[in-house]
>>> print(open('data-v5.tsv').read())   # TSV, C-alpha atoms
chain	number	residue	atom	x	y	z
R	523	MET	CA	122.45	66.89	47.43
R	524	ASN	CA	121.56	69.99	45.41
R	525	ASP	CA	124.74	70.02	43.37
R	526	ILE	CA	124.75	72.03	40.16
R	527	ASP	CA	126.77	71.09	37.10
R	528	VAL	CA	129.27	73.79	36.11
R	529	THR	CA	130.39	73.78	32.47
R	530	VAL	CA	133.66	75.38	31.41
R	531	TYR	CA	134.59	75.71	27.73
R	532	PHE	CA	138.30	75.36	26.93
R	533	ASN	CA	140.19	74.83	23.68
R	534	GLU	CA	140.51	71.12	22.97
R	535	TYR	CA	144.28	71.28	22.24
R	536	ARG	CA	144.99	73.13	25.46
R	537	LEU	CA	142.73	70.73	27.34
R	538	ALA	CA	144.49	67.68	25.88
R	539	ALA	CA	147.93	69.05	26.82
R	540	LEU	CA	146.78	69.84	30.35
R	541	ASP	CA	145.14	66.44	30.75
R	542	GLU	CA	148.33	64.67	29.65
R	543	ILE	CA	150.46	66.46	32.24
R	544	LEU	CA	147.93	65.96	35.05
R	545	THR	CA	147.62	62.27	34.19
R	546	ASP	CA	151.39	61.87	34.53
R	547	GLN	CA	151.07	63.47	37.97
R	548	GLY	CA	148.26	61.13	38.98
R	549	ARG	CA	145.70	63.91	38.95
R	550	THR	CA	142.61	64.77	36.91
R	551	ILE	CA	141.20	67.97	35.45
R	552	GLU	CA	138.02	67.47	37.47
R	553	GLY	CA	140.01	67.13	40.69
R	554	VAL	CA	142.08	70.25	40.03
R	555	LEU	CA	139.00	72.32	39.17
R	556	ARG	CA	137.14	71.09	42.25
R	557	LYS	CA	140.06	72.05	44.49
R	558	CYS	CA	140.22	75.46	42.81
R	559	PHE	CA	136.50	76.00	43.40
R	560	GLU	CA	136.79	74.97	47.05
R	561	GLU	CA	139.75	77.26	47.69
R	562	THR	CA	138.01	80.18	45.96
R	563	TYR	CA	134.83	79.52	47.94
R	564	ALA	CA	136.74	79.42	51.24
R	565	SER	CA	138.67	82.62	50.48
R	566	LEU	CA	135.73	84.72	49.28
R	567	VAL	CA	132.71	83.57	51.29
R	568	PRO	CA	132.81	84.78	54.93
R	569	GLU	CA	133.17	82.07	57.59
R	570	GLU	CA	129.83	82.91	59.21
R	571	LYS	CA	128.07	82.52	55.87
R	572	ARG	CA	129.85	79.23	55.20
R	573	GLU	CA	128.69	77.90	58.58
R	574	GLU	CA	125.09	78.86	57.78
R	575	ILE	CA	125.35	77.07	54.46
R	576	GLU	CA	126.83	73.92	56.02
R	577	THR	CA	123.99	73.84	58.56
R	578	LEU	CA	121.45	74.17	55.75
R	579	ILE	CA	123.12	71.39	53.76
R	580	CYS	CA	123.10	69.06	56.79
R	581	GLN	CA	119.41	69.78	57.42
R	582	GLU	CA	118.46	69.06	53.81
R	583	GLU	CA	120.50	65.85	53.75
R	584	ALA	CA	118.88	64.66	57.00
R	585	LYS	CA	115.42	65.43	55.61
R	586	ALA	CA	116.18	63.58	52.38
R	587	GLN	CA	117.43	60.59	54.36
R	588	ARG	CA	114.27	60.51	56.48
R	589	GLU	CA	112.07	60.71	53.39
R	590	ALA	CA	114.03	57.95	51.68
R	591	GLU	CA	113.73	55.72	54.74
R	592	ALA	CA	109.98	56.36	54.97
R	593	ALA	CA	109.60	55.47	51.28
R	594	ARG	CA	111.49	52.18	51.63
R	595	ARG	CA	109.65	48.94	50.96
R	596	PHE	CA	111.54	45.82	51.97
R	597	ALA	CA	111.13	42.16	52.83
R	598	VAL	CA	112.62	40.58	55.94
R	599	ILE	CA	114.10	37.18	55.14
R	600	HIS	CA	115.46	34.20	57.08
R	601	PHE	CA	117.41	31.26	55.61
R	602	HIS	CA	117.83	28.06	57.63
R	603	GLU	CA	119.86	25.01	56.70
R	604	ASP	CA	121.69	22.33	58.67
R	605	GLY	CA	121.74	24.31	61.93
R	606	ASP	CA	122.90	27.49	60.23
R	607	ASP	CA	120.84	30.69	59.94
R	608	PHE	CA	121.16	33.87	57.93
R	609	HIS	CA	118.86	36.90	58.25
R	610	PHE	CA	118.69	39.91	55.93
R	611	THR	CA	116.44	42.55	54.38
R	612	SER	CA	115.88	43.06	50.66
R	613	ASP	CA	114.49	46.21	49.03
R	614	LEU	CA	114.72	44.92	45.46
R	615	ARG	CA	113.07	41.53	45.91
R	616	ASN	CA	110.48	42.41	48.50
R	617	ASN	CA	107.45	40.17	47.96
R	618	PHE	CA	106.57	36.49	47.89
R	619	TYR	CA	106.50	36.14	44.12
R	620	SER	CA	109.84	37.83	43.47
R	621	ALA	CA	111.51	35.70	46.15
R	622	ALA	CA	109.87	32.57	44.76
R	623	TYR	CA	111.12	33.48	41.28
R	624	LEU	CA	114.65	33.73	42.63
R	625	TYR	CA	114.31	30.38	44.34
R	626	ARG	CA	113.27	28.57	41.18
R	627	ASN	CA	115.74	30.24	38.83
R	628	PHE	CA	118.81	30.78	41.03
R	629	MET	CA	118.71	29.40	44.55
R	630	ARG	CA	117.25	25.96	43.91
R	631	GLU	CA	120.28	24.67	42.02
R	632	ASN	CA	122.68	26.11	44.60
R	633	GLU	CA	121.05	25.19	47.92
R	634	GLY	CA	123.27	22.81	49.84
R	635	ARG	CA	126.23	23.83	47.67
R	636	LEU	CA	126.64	27.49	48.66
R	637	THR	CA	126.70	29.03	52.13
R	638	LEU	CA	123.53	30.84	53.15
R	639	ASP	CA	125.15	34.28	52.92
R	640	SER	CA	126.34	33.44	49.40
R	641	LEU	CA	122.86	32.22	48.52
R	642	ALA	CA	121.47	35.59	49.63
R	643	LEU	CA	123.55	37.29	46.93
R	644	SER	CA	120.90	36.20	44.42
R	645	PHE	CA	118.68	38.91	45.95
R	646	GLY	CA	121.12	41.56	44.76
R	647	GLU	CA	121.76	44.40	47.18
R	648	HIS	CA	120.66	43.31	50.65
R	649	GLN	CA	121.35	44.16	54.29
R	650	PRO	CA	122.37	41.37	56.71
R	651	ILE	CA	120.71	41.59	60.13
R	652	ASP	CA	120.97	39.56	63.33
R	653	ASP	CA	118.28	37.27	64.70
R	654	LEU	CA	117.16	39.84	67.28
R	655	THR	CA	116.59	42.48	64.59
R	656	PHE	CA	114.70	39.89	62.56
R	657	SER	CA	112.37	39.23	65.50
R	658	VAL	CA	111.87	42.95	66.13
R	659	LEU	CA	110.96	43.55	62.47
R	660	CYS	CA	108.57	40.60	62.48
R	661	THR	CA	106.77	42.12	65.43
R	662	ALA	CA	106.85	45.61	63.91
R	663	MET	CA	105.38	44.61	60.56
R	664	GLU	CA	101.77	45.11	61.68
R	665	HIS	CA	102.42	48.80	62.33
R	666	ASP	CA	105.16	49.44	59.75
R	667	ASP	CA	104.03	49.75	56.13
R	668	ARG	CA	107.63	49.68	54.94
R	669	ILE	CA	107.81	45.94	55.65
R	670	THR	CA	106.14	44.24	52.70
R	671	ALA	CA	106.79	40.59	53.56
R	672	LEU	CA	108.34	38.19	56.04
R	673	LEU	CA	109.90	35.12	54.41
R	674	GLU	CA	111.49	32.08	56.04
R	675	PHE	CA	113.21	29.50	53.85
R	676	ASP	CA	113.81	26.16	55.58
R	677	PHE	CA	116.03	24.25	53.20
R	678	ASP	CA	116.17	21.24	55.53
R	679	ASP	CA	112.42	20.67	55.36
R	680	GLY	CA	112.02	22.10	51.87
R	681	THR	CA	109.46	24.68	52.96
R	682	ILE	CA	108.89	28.42	52.89
R	683	SER	CA	106.80	30.31	55.42
R	684	VAL	CA	105.45	33.70	54.38
R	685	LYS	CA	103.49	36.56	55.85
R	686	GLU	CA	102.83	39.50	53.54
R	687	GLN	CA	101.65	42.94	54.61
R	688	GLY	CA	97.98	42.64	55.54
R	689	ASP	CA	98.02	38.87	56.07
R	690	PRO	CA	96.42	37.85	59.39
R	691	GLU	CA	98.83	34.96	59.91
R	692	TRP	CA	101.73	33.00	58.46
R	693	ARG	CA	101.30	30.60	55.53
R	694	ALA	CA	103.63	27.76	54.62
R	695	TYR	CA	104.27	25.91	51.37
R	696	ARG	CA	106.61	23.27	50.10
R	697	LEU	CA	109.36	24.80	48.01
R	698	LYS	CA	108.70	22.32	45.20
R	699	ASP	CA	105.10	23.57	44.99
R	700	VAL	CA	106.30	27.18	44.98
R	701	SER	CA	108.77	26.38	42.20
R	702	THR	CA	106.00	24.76	40.13
R	703	ALA	CA	103.77	27.80	40.67
R	704	VAL	CA	106.52	30.09	39.37
R	705	TYR	CA	106.94	27.85	36.31
R	706	ARG	CA	103.24	28.17	35.51
R	707	ALA	CA	103.32	31.94	35.99
R	708	GLU	CA	106.36	32.39	33.75
R	709	ARG	CA	105.17	30.26	30.83
R	710	LYS	CA	103.68	33.38	29.20
R	711	SER	CA	106.63	35.73	29.34
R	712	THR	CA	104.83	38.63	27.63
R	713	ILE	CA	102.04	39.12	30.19
R	714	PRO	CA	102.35	41.84	32.88
R	715	ILE	CA	103.95	41.01	36.21
R	716	ALA	CA	100.61	41.52	37.98
R	717	ALA	CA	99.05	38.80	35.82
R	718	LYS	CA	101.96	36.47	36.59
R	719	GLU	CA	101.45	37.04	40.29
R	720	LEU	CA	97.77	36.12	39.96
R	721	ILE	CA	98.68	32.89	38.16
R	722	PHE	CA	101.26	32.18	40.86
R	723	GLU	CA	98.72	32.69	43.63
R	724	GLU	CA	96.13	30.55	41.85
R	725	ALA	CA	98.68	27.75	41.39
R	726	LEU	CA	99.30	27.73	45.14
R	727	ARG	CA	95.62	27.61	46.01
R	728	ASP	CA	94.98	24.58	48.22
R	729	ARG	CA	98.75	23.90	48.37
R	730	GLU	CA	99.23	25.55	51.76
R	731	ILE	CA	100.65	23.19	54.37
R	732	ASP	CA	98.17	22.23	57.05
R	733	TRP	CA	100.23	21.57	60.16
R	734	HIS	CA	97.23	19.89	61.77
R	735	SER	CA	97.01	17.27	59.01
R	736	PRO	CA	98.54	13.97	60.22
R	737	GLU	CA	99.93	13.18	56.76
R	738	GLN	CA	101.61	16.58	56.35
R	739	ALA	CA	102.79	16.65	59.94
R	740	GLU	CA	104.72	13.44	59.31
R	741	GLU	CA	106.41	14.91	56.22
R	742	THR	CA	107.26	18.35	57.52
R	743	THR	CA	108.23	19.90	60.83
R	744	PRO	CA	106.27	23.08	61.64
R	745	PRO	CA	108.48	26.20	61.62
R	746	VAL	CA	109.10	28.23	64.73
R	747	GLN	CA	108.73	31.89	63.73
R	748	GLU	CA	111.04	34.20	65.65
R	749	MET	CA	108.46	36.58	67.02
>>> encode(input="data-v5.tsv", output="structure tokens")
Amino acid sequence: MNDIDVTVYFNEYRLAALDEILTDQGRTIEGVLRKCFEETYASLVPEEKREEIETLICQEEAKAQREAEAARRFAVIHFHEDGDDFHFTSDLRNNFYSAAYLYRNFMRENEGRLTLDSLALSFGEHQPIDDLTFSVLCTAMEHDDRITALLEFDFDDGTISVKEQGDPEWRAYRLKDVSTAVYRAERKSTIPIAAKELIFEEALRDREIDWHSPEQAEETTPPVQEM
């Protein structure tokens, strides 16, 4: 909103006395001044003009909301454990490396102890979604640049399946390998995040699960992506 700060200078002793009385009444100076402004605005500005202004405000807010939505970059995430599932989106942690970092440093010690929705709190602000929305977003990723990554954590099998924007297909790794890759990337804490991501990717080279390998097939059950 295009709000403008209005500064009013008032003697500090008078202000302190007024603030004390208003506090006793459960009110604030800011609240009283705002009400005074609103009443003055309503009494002096013609109704037709006020309606024009409200329409303009609504239009600008709608435009800002559309622009903010278009600028969003978020990951779509699925947790699975012991027959339970939790789906959500995350704007803050929205790529493979950032999610892997959270797994090693926060989720790993709590998996099996916390509920899946509680485990998702490690991502910070996030938006829970249902399984249908998850499937729709998975399908939409190819044509929606806002979706940076699809991530599926299977805590039963100890695997993570990932598809980042631009990837032709899903990849899967064991969570223990992902955790080790994060450890290697974070050993040099002073290097840029981009360099850490390169180390992370290099550490996972040749660690991708091959579902067609008899040995790996015996150890791990292939995931069923909700597409």
>>> residues_around(input="data-v5.tsv", residues="segment 534-537 of chain R", least_positions_apart="5", cutoff="12 Å", atoms="all atoms listed in the file", output="ChimeraX atom specification")
/R:542-545,550-552
>>> closest_residue(input="data-v5.tsv", among="R:Asp699, R:Glu674, R:Glu647, R:Asp604", to="Arg635 of chain R", atoms="only C-alpha atoms")
R:Asp604
>>> atom_distance(input="data-v5.tsv", atom1="atom CA of Ala694 of chain R", atom2="atom CA of Leu726 of chain R")
10.4 Å
>>> atom_distance(input="data-v5.tsv", atom1="atom CA of Arg615 of chain R", atom2="atom CA of Gln587 of chain R")
21.3 Å
>>> atom_distance(input="data-v5.tsv", atom1="atom CA of Ala703 of chain R", atom2="atom CA of Ile721 of chain R")
7.6 Å
